[in-house]
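Peer 1: First the structure, which I've put down as structure tokens, then a few questions once you've had a look.
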Number of protein chains: 2
Amino acid sequence: MSEPIDFWFDFSSPYGYLMSERIDDLAARFGRKVRWHPILLGVVFKATASAPLTLQHPAKAAYALRDFERSARFLGVPCRRPTRFPLPTQNAARAYYWLHGQDCALARRFAHATYRALFVDDRDISAPAVVLEIAANLGVDRERLEAALQSPEIKDRLKEEVDNALRIGLFGSPHVIIDGEAFFGADRLPQIERWLETGGF
Amino acid sequence: MSEPIDFWFDFSSPYGYLMSERIDDLAARFGRKVRWHPILLGVVFKATASAPLTLQHPAKAAYALRDFERSARFLGVPCRRPTRFPLPTQNAARAYYWLHGQDCALARRFAHATYRALFVDDRDISAPAVVLEIAANLGVDRERLEAALQSPEIKDRLKEEVDNALRIGLFGSPHVIIDGEAFFGADRLPQIERWLETGGF
């Protein structure tokens with residue numbers, strides 16, 4: 001029962017942001033670690049014939065925006081509707097994997113800072129300059145990161161993670177996988193808690 | 001704060017079934033009544049360019065089936081995967097509205113019996129004979145109901161409810177509306193509870 005939990009998300013996913021603010025603490029209560037996997041929802045949506053919440057039918061899109069803000073209040077997570085949404089997140093995801101190769105804890109701090117930049121401070125995290133600034137604020141060497149974002153190794157690493165996501169049947173964000181059991185959506189937090197508590201139900 | 005809550009659902013909706021087993025008791029704890037509105041998801045899906053869970057991408061469909069059964073266990077609601085799914089529910093919905101015109105409490109018992117026939121006893125509730133049998137077991141005159149299912153008044157009543165559902169922006173089942181606030185999905189039960197408790201958050 002000590003295998004790490006896997007947390008799959010896109011940096012532009014509102015419910016992924018909510019999950020990111022809760023999953024580590026929840027897992028820690030049961031002695032579990034969490035592996036974070038930023039991916040690109042655009043690729044996943046193309047493969048699974050889906051679309052971002054706000055580009056679906058107007059009634060669904062309107063509900064989703066309202067529900068996201070209500071769900072954030074319900075969980076006590078600060079949030080604000082981003083001006084630009086959805087937006088591409090390959091720079092943020094590549095930065096995450098490069099940082100992770102050097103310092104897991106730093107990568108985790110970068111992930112939190114990136115999510116909060118988008119969903120609290122309304123920053124355009126698709127811009128390389130914004131990603132570099134977020135990292136620099138955490139003490140990262142801006143020039144080394146800027147070079148890394150263009151490196152084939154890091155591009156391949158992200159591609160590999162997205163391929164893995166599709167291979168294991170992901171179709172949205174967030175997905176949390178515990179001992180092979182998949183939970184989709186921040187609204188599955190209560191089920192995740194009971195699963196960790198009981199070892200499955 | 002004493003306005004009734006509205007509960008919109010399709011008799012073939014798994015998460016609608018889960019909601020149906022919890023919403024009345026939850027509302028009653030806060031002194032609220034619930035108005036039930038069976039509708040036809042097929043019409044709603046056509047209008048909102050959506051599809052039943054099991055006819056979506058295979059990864060999504062597989063997850064949905066597993067998640068439904070896990071969510072039922074999580075809530076302590078008995079369930080079994082129906083052999084025939086999805087299935088048309090206009091006979092069940094029409095029977096509900098006809099019964100409701102005569103005896104609200106009887107209509108509620110019929111709705112519970114119909115949902116359980118599908119999701120516990122694996123009956124084909126699309127068949128008029130099954131709907132009539134469920135009603136007859138509750139003391140309803142089978143011949144009067146059989147005639148009513150074909151009456152223009154009852155057909156119009158259901159059509160009107162479906163039109164209303166589209167008008168207020170429904171896109172799936174279940175939807176619960178409390179004082180104008182929409183909650184989609186059985187997984188919103190905790191938010192519904194807090195909303196009733198606090199009058200909004």
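Chain lettering (A, B, ...) mirrors the order of the structure tokens, residue numbering begins at 1 for each chain separately, and ligand numbering begins at 1 in order of display.
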Which neighbours of Val120 in chain B fall inside 10 Å, counting only C-alpha atoms, when residues of the same chain fewer than 5 positions from it are skipped, and could you give them as a VMD selection string?
Peer 2: chain B and resid 77 to 82 113 to 115
Peer 1: Quick one: write out the picked residues with C-alpha atoms as an mmCIF file, in the first residue's frame?
Peer 2:
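And here's out.cif as it stands now:
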data_model
loop_
_atom_site.group_PDB
_atom_site.id
_atom_site.type_symbol
_atom_site.label_atom_id
_atom_site.label_comp_id
_atom_site.auth_asym_id
_atom_site.auth_seq_id
_atom_site.Cartn_x
_atom_site.Cartn_y
_atom_site.Cartn_z
ATOM 1 C CA VAL B 77 -26.976 2.580 -2.920
ATOM 2 C CA PRO B 78 -27.566 -0.922 -4.348
ATOM 3 C CA CYS B 79 -26.895 -1.165 -8.068
ATOM 4 C CA ARG B 80 -26.214 -3.533 -10.910
ATOM 5 C CA ARG B 81 -25.159 -2.754 -14.471
ATOM 6 C CA PRO B 82 -28.271 -3.029 -16.703
ATOM 7 C CA ALA B 113 -39.770 1.482 -8.245
ATOM 8 C CA THR B 114 -38.954 2.235 -11.893
ATOM 9 C CA TYR B 115 -35.381 3.333 -11.194
#
Peer 1: Write out as a PyMOL selection string every residue belonging to chain A that has an atom at most 7 Å from any atom of chain B, counting only C-alpha atoms.
Peer 2: chain A and resi 48-49+57+59-60+74+169-171+187+191
Peer 1: Excluding Ala147 in chain B and residues on its chain fewer than 5 positions from it, collect all residues at most 12 Å away from it, counting only C-alpha atoms, and give them as a list in words.
Peer 2: Asn91, Arg94, Ala95, Trp98, Pro128, Leu132, Asp141, Arg142, Pro152, Glu153, Ile154 and Lys155 of chain B
Peer 1: Please provide chain A as a JSON list (two decimals) with C-alpha atoms, in the first residue's frame, once it has been superposed on chain B by least squares across all sequentially paired Cα atoms.
Peer 2:
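Result file selection23.json:
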[["chain", "number", "residue", "atom", "x", "y", "z"],
["A", 1, "MET", "CA", -36.06, 29.66, 1.73],
["A", 2, "SER", "CA", -39.05, 27.30, 1.53],
["A", 3, "GLU", "CA", -39.39, 27.07, -2.26],
["A", 4, "PRO", "CA", -39.31, 23.48, -3.54],
["A", 5, "ILE", "CA", -36.12, 22.11, -5.05],
["A", 6, "ASP", "CA", -36.35, 20.89, -8.67],
["A", 7, "PHE", "CA", -34.84, 17.51, -9.58],
["A", 8, "TRP", "CA", -34.49, 16.84, -13.33],
["A", 9, "PHE", "CA", -33.56, 13.39, -14.53],
["A", 10, "ASP", "CA", -33.99, 10.66, -17.12],
["A", 11, "PHE", "CA", -35.11, 7.22, -15.94],
["A", 12, "SER", "CA", -32.12, 5.67, -17.74],
["A", 13, "SER", "CA", -29.55, 7.93, -16.05],
["A", 14, "PRO", "CA", -27.29, 6.05, -13.60],
["A", 15, "TYR", "CA", -26.30, 9.16, -11.69],
["A", 16, "GLY", "CA", -29.95, 10.27, -11.78],
["A", 17, "TYR", "CA", -30.76, 7.00, -10.00],
["A", 18, "LEU", "CA", -28.12, 7.73, -7.33],
["A", 19, "MET", "CA", -29.54, 11.23, -6.84],
["A", 20, "SER", "CA", -33.10, 9.85, -6.64],
["A", 21, "GLU", "CA", -32.07, 7.70, -3.66],
["A", 22, "ARG", "CA", -30.74, 10.68, -1.70],
["A", 23, "ILE", "CA", -32.31, 14.01, -2.68],
["A", 24, "ASP", "CA", -35.67, 13.77, -0.84],
["A", 25, "ASP", "CA", -34.11, 12.89, 2.52],
["A", 26, "LEU", "CA", -31.41, 15.53, 2.13],
["A", 27, "ALA", "CA", -33.98, 18.22, 1.24],
["A", 28, "ALA", "CA", -36.27, 17.14, 4.10],
["A", 29, "ARG", "CA", -33.45, 17.71, 6.63],
["A", 30, "PHE", "CA", -33.66, 21.38, 5.66],
["A", 31, "GLY", "CA", -37.45, 21.54, 5.50],
["A", 32, "ARG", "CA", -37.53, 21.54, 1.70],
["A", 33, "LYS", "CA", -39.70, 19.58, -0.69],
["A", 34, "VAL", "CA", -38.49, 18.27, -4.07],
["A", 35, "ARG", "CA", -40.35, 18.44, -7.39],
["A", 36, "TRP", "CA", -39.33, 15.56, -9.66],
["A", 37, "HIS", "CA", -39.15, 16.10, -13.43],
["A", 38, "PRO", "CA", -38.43, 13.04, -15.56],
["A", 39, "ILE", "CA", -37.30, 14.14, -19.03],
["A", 40, "LEU", "CA", -35.87, 12.53, -22.16],
["A", 41, "LEU", "CA", -32.09, 12.81, -22.31],
["A", 42, "GLY", "CA", -32.08, 11.80, -25.99],
["A", 43, "VAL", "CA", -33.78, 15.08, -26.88],
["A", 44, "VAL", "CA", -31.50, 17.05, -24.56],
["A", 45, "PHE", "CA", -28.38, 15.40, -26.02],
["A", 46, "LYS", "CA", -29.53, 16.18, -29.55],
["A", 47, "ALA", "CA", -30.08, 19.83, -28.64],
["A", 48, "THR", "CA", -26.76, 20.18, -26.84],
["A", 49, "ALA", "CA", -24.63, 18.04, -29.19],
["A", 50, "SER", "CA", -23.87, 15.48, -26.47],
["A", 51, "ALA", "CA", -24.19, 11.69, -26.11],
["A", 52, "PRO", "CA", -24.85, 9.02, -23.47],
["A", 53, "LEU", "CA", -21.80, 8.05, -21.39],
["A", 54, "THR", "CA", -21.52, 4.61, -22.92],
["A", 55, "LEU", "CA", -21.63, 5.88, -26.49],
["A", 56, "GLN", "CA", -18.73, 8.28, -25.97],
["A", 57, "HIS", "CA", -15.06, 7.46, -26.51],
["A", 58, "PRO", "CA", -14.25, 3.91, -25.24],
["A", 59, "ALA", "CA", -11.90, 5.17, -22.50],
["A", 60, "LYS", "CA", -14.61, 7.52, -21.22],
["A", 61, "ALA", "CA", -17.33, 4.88, -21.47],
["A", 62, "ALA", "CA", -15.24, 2.30, -19.58],
["A", 63, "TYR", "CA", -14.46, 4.81, -16.86],
["A", 64, "ALA", "CA", -18.12, 5.88, -16.58],
["A", 65, "LEU", "CA", -19.36, 2.32, -15.99],
["A", 66, "ARG", "CA", -16.72, 1.70, -13.34],
["A", 67, "ASP", "CA", -17.28, 5.08, -11.74],
["A", 68, "PHE", "CA", -21.05, 4.59, -11.57],
["A", 69, "GLU", "CA", -20.68, 1.31, -9.69],
["A", 70, "ARG", "CA", -18.02, 2.76, -7.39],
["A", 71, "SER", "CA", -20.14, 5.87, -6.74],
["A", 72, "ALA", "CA", -23.11, 3.65, -5.85],
["A", 73, "ARG", "CA", -20.97, 1.73, -3.35],
["A", 74, "PHE", "CA", -19.61, 5.04, -2.01],
["A", 75, "LEU", "CA", -23.16, 6.27, -1.36],
["A", 76, "GLY", "CA", -24.38, 2.88, -0.13],
["A", 77, "VAL", "CA", -26.96, 2.58, -2.90],
["A", 78, "PRO", "CA", -27.57, -0.93, -4.34],
["A", 79, "CYS", "CA", -26.90, -1.17, -8.06],
["A", 80, "ARG", "CA", -26.22, -3.54, -10.89],
["A", 81, "ARG", "CA", -25.16, -2.76, -14.44],
["A", 82, "PRO", "CA", -28.27, -3.02, -16.70],
["A", 83, "THR", "CA", -28.07, -5.42, -19.65],
["A", 84, "ARG", "CA", -29.82, -2.93, -21.90],
["A", 85, "PHE", "CA", -28.34, 0.56, -21.61],
["A", 86, "PRO", "CA", -29.13, 3.24, -22.58],
["A", 87, "LEU", "CA", -32.80, 2.71, -23.35],
["A", 88, "PRO", "CA", -35.80, 4.89, -24.21],
["A", 89, "THR", "CA", -37.81, 6.10, -21.23],
["A", 90, "GLN", "CA", -40.82, 7.94, -22.62],
["A", 91, "ASN", "CA", -43.26, 5.31, -21.31],
["A", 92, "ALA", "CA", -41.87, 5.54, -17.78],
["A", 93, "ALA", "CA", -41.83, 9.35, -17.88],
["A", 94, "ARG", "CA", -45.38, 9.58, -19.26],
["A", 95, "ALA", "CA", -46.62, 7.14, -16.61],
["A", 96, "TYR", "CA", -44.97, 9.32, -13.97],
["A", 97, "TYR", "CA", -46.75, 12.49, -15.12],
["A", 98, "TRP", "CA", -50.12, 10.75, -15.40],
["A", 99, "LEU", "CA", -49.79, 9.33, -11.89],
["A", 100, "HIS", "CA", -48.59, 12.69, -10.60],
["A", 101, "GLY", "CA", -51.80, 14.31, -11.84],
["A", 102, "GLN", "CA", -53.72, 11.98, -9.52],
["A", 103, "ASP", "CA", -51.50, 11.31, -6.53],
["A", 104, "CYS", "CA", -48.06, 12.91, -6.00],
["A", 105, "ALA", "CA", -46.95, 10.35, -3.39],
["A", 106, "LEU", "CA", -47.92, 7.45, -5.64],
["A", 107, "ALA", "CA", -45.98, 9.01, -8.52],
["A", 108, "ARG", "CA", -42.91, 9.24, -6.26],
["A", 109, "ARG", "CA", -43.23, 5.57, -5.29],
["A", 110, "PHE", "CA", -43.59, 4.69, -8.96],
["A", 111, "ALA", "CA", -40.43, 6.66, -9.82],
["A", 112, "HIS", "CA", -38.39, 4.86, -7.15],
["A", 113, "ALA", "CA", -39.77, 1.48, -8.24],
["A", 114, "THR", "CA", -38.95, 2.22, -11.89],
["A", 115, "TYR", "CA", -35.39, 3.32, -11.19],
["A", 116, "ARG", "CA", -34.82, 0.25, -8.99],
["A", 117, "ALA", "CA", -36.37, -2.02, -11.62],
["A", 118, "LEU", "CA", -33.67, -0.85, -14.05],
["A", 119, "PHE", "CA", -30.63, -0.44, -11.80],
["A", 120, "VAL", "CA", -31.23, -3.19, -9.23],
["A", 121, "ASP", "CA", -33.41, -5.82, -10.95],
["A", 122, "ASP", "CA", -32.15, -5.27, -14.52],
["A", 123, "ARG", "CA", -35.64, -4.94, -16.02],
["A", 124, "ASP", "CA", -36.17, -3.40, -19.46],
["A", 125, "ILE", "CA", -38.17, -0.34, -18.38],
["A", 126, "SER", "CA", -38.51, 0.82, -21.98],
["A", 127, "ALA", "CA", -41.21, -1.85, -22.48],
["A", 128, "PRO", "CA", -44.78, -0.62, -21.82],
["A", 129, "ALA", "CA", -45.60, -4.00, -20.24],
["A", 130, "VAL", "CA", -42.84, -3.54, -17.64],
["A", 131, "VAL", "CA", -43.97, 0.00, -16.84],
["A", 132, "LEU", "CA", -47.56, -1.22, -16.45],
["A", 133, "GLU", "CA", -46.44, -4.07, -14.21],
["A", 134, "ILE", "CA", -44.43, -1.73, -11.95],
["A", 135, "ALA", "CA", -47.48, 0.55, -11.63],
["A", 136, "ALA", "CA", -49.91, -2.34, -11.12],
["A", 137, "ASN", "CA", -47.74, -3.58, -8.24],
["A", 138, "LEU", "CA", -48.40, -0.21, -6.60],
["A", 139, "GLY", "CA", -52.15, -0.64, -7.02],
["A", 140, "VAL", "CA", -52.56, 1.37, -10.21],
["A", 141, "ASP", "CA", -55.30, 0.39, -12.66],
["A", 142, "ARG", "CA", -53.34, -1.14, -15.53],
["A", 143, "GLU", "CA", -55.90, -0.44, -18.24],
["A", 144, "ARG", "CA", -56.39, 3.19, -17.34],
["A", 145, "LEU", "CA", -52.63, 3.73, -17.31],
["A", 146, "GLU", "CA", -52.21, 1.90, -20.62],
["A", 147, "ALA", "CA", -54.76, 4.24, -22.22],
["A", 148, "ALA", "CA", -53.16, 7.30, -20.57],
["A", 149, "LEU", "CA", -49.73, 6.45, -22.05],
["A", 150, "GLN", "CA", -51.24, 7.04, -25.50],
["A", 151, "SER", "CA", -53.18, 10.19, -24.62],
["A", 152, "PRO", "CA", -52.16, 13.45, -26.33],
["A", 153, "GLU", "CA", -52.39, 15.28, -22.98],
["A", 154, "ILE", "CA", -49.71, 13.11, -21.39],
["A", 155, "LYS", "CA", -47.48, 13.18, -24.47],
["A", 156, "ASP", "CA", -47.77, 16.97, -24.47],
["A", 157, "ARG", "CA", -47.00, 17.16, -20.75],
["A", 158, "LEU", "CA", -43.73, 15.28, -21.21],
["A", 159, "LYS", "CA", -42.84, 17.37, -24.27],
["A", 160, "GLU", "CA", -43.48, 20.52, -22.24],
["A", 161, "GLU", "CA", -41.18, 19.32, -19.45],
["A", 162, "VAL", "CA", -38.41, 18.54, -21.93],
["A", 163, "ASP", "CA", -38.86, 21.97, -23.54],
["A", 164, "ASN", "CA", -38.64, 23.58, -20.09],
["A", 165, "ALA", "CA", -35.47, 21.63, -19.37],
["A", 166, "LEU", "CA", -33.84, 22.95, -22.52],
["A", 167, "ARG", "CA", -35.09, 26.47, -21.82],
["A", 168, "ILE", "CA", -33.39, 26.57, -18.42],
["A", 169, "GLY", "CA", -30.10, 25.23, -19.80],
["A", 170, "LEU", "CA", -30.09, 21.55, -18.85],
["A", 171, "PHE", "CA", -27.55, 19.42, -20.67],
["A", 172, "GLY", "CA", -27.57, 16.12, -18.76],
["A", 173, "SER", "CA", -29.00, 14.14, -15.84],
["A", 174, "PRO", "CA", -29.33, 14.68, -12.94],
["A", 175, "HIS", "CA", -29.73, 18.42, -12.50],
["A", 176, "VAL", "CA", -30.89, 19.80, -9.17],
["A", 177, "ILE", "CA", -31.97, 23.44, -9.04],
["A", 178, "ILE", "CA", -32.12, 25.21, -5.68],
["A", 179, "ASP", "CA", -33.34, 28.81, -5.67],
["A", 180, "GLY", "CA", -32.03, 29.26, -9.23],
["A", 181, "GLU", "CA", -28.64, 27.61, -8.58],
["A", 182, "ALA", "CA", -27.95, 24.54, -10.77],
["A", 183, "PHE", "CA", -26.07, 21.46, -9.57],
["A", 184, "PHE", "CA", -25.21, 18.82, -12.16],
["A", 185, "GLY", "CA", -24.38, 15.26, -11.16],
["A", 186, "ALA", "CA", -24.81, 13.04, -8.11],
["A", 187, "ASP", "CA", -21.28, 14.07, -7.10],
["A", 188, "ARG", "CA", -22.63, 17.52, -6.26],
["A", 189, "LEU", "CA", -24.56, 16.13, -3.24],
["A", 190, "PRO", "CA", -22.00, 17.59, -0.77],
["A", 191, "GLN", "CA", -22.31, 21.03, -2.39],
["A", 192, "ILE", "CA", -26.12, 20.74, -2.38],
["A", 193, "GLU", "CA", -25.98, 19.92, 1.32],
["A", 194, "ARG", "CA", -23.81, 22.93, 2.11],
["A", 195, "TRP", "CA", -26.01, 25.17, -0.08],
["A", 196, "LEU", "CA", -29.13, 24.11, 1.83],
["A", 197, "GLU", "CA", -27.30, 24.54, 5.13],
["A", 198, "THR", "CA", -25.93, 28.01, 4.41],
["A", 199, "GLY", "CA", -28.33, 29.44, 1.85],
["A", 200, "GLY", "CA", -25.52, 29.74, -0.68],
["A", 201, "PHE", "CA", -21.71, 29.96, -0.47]]
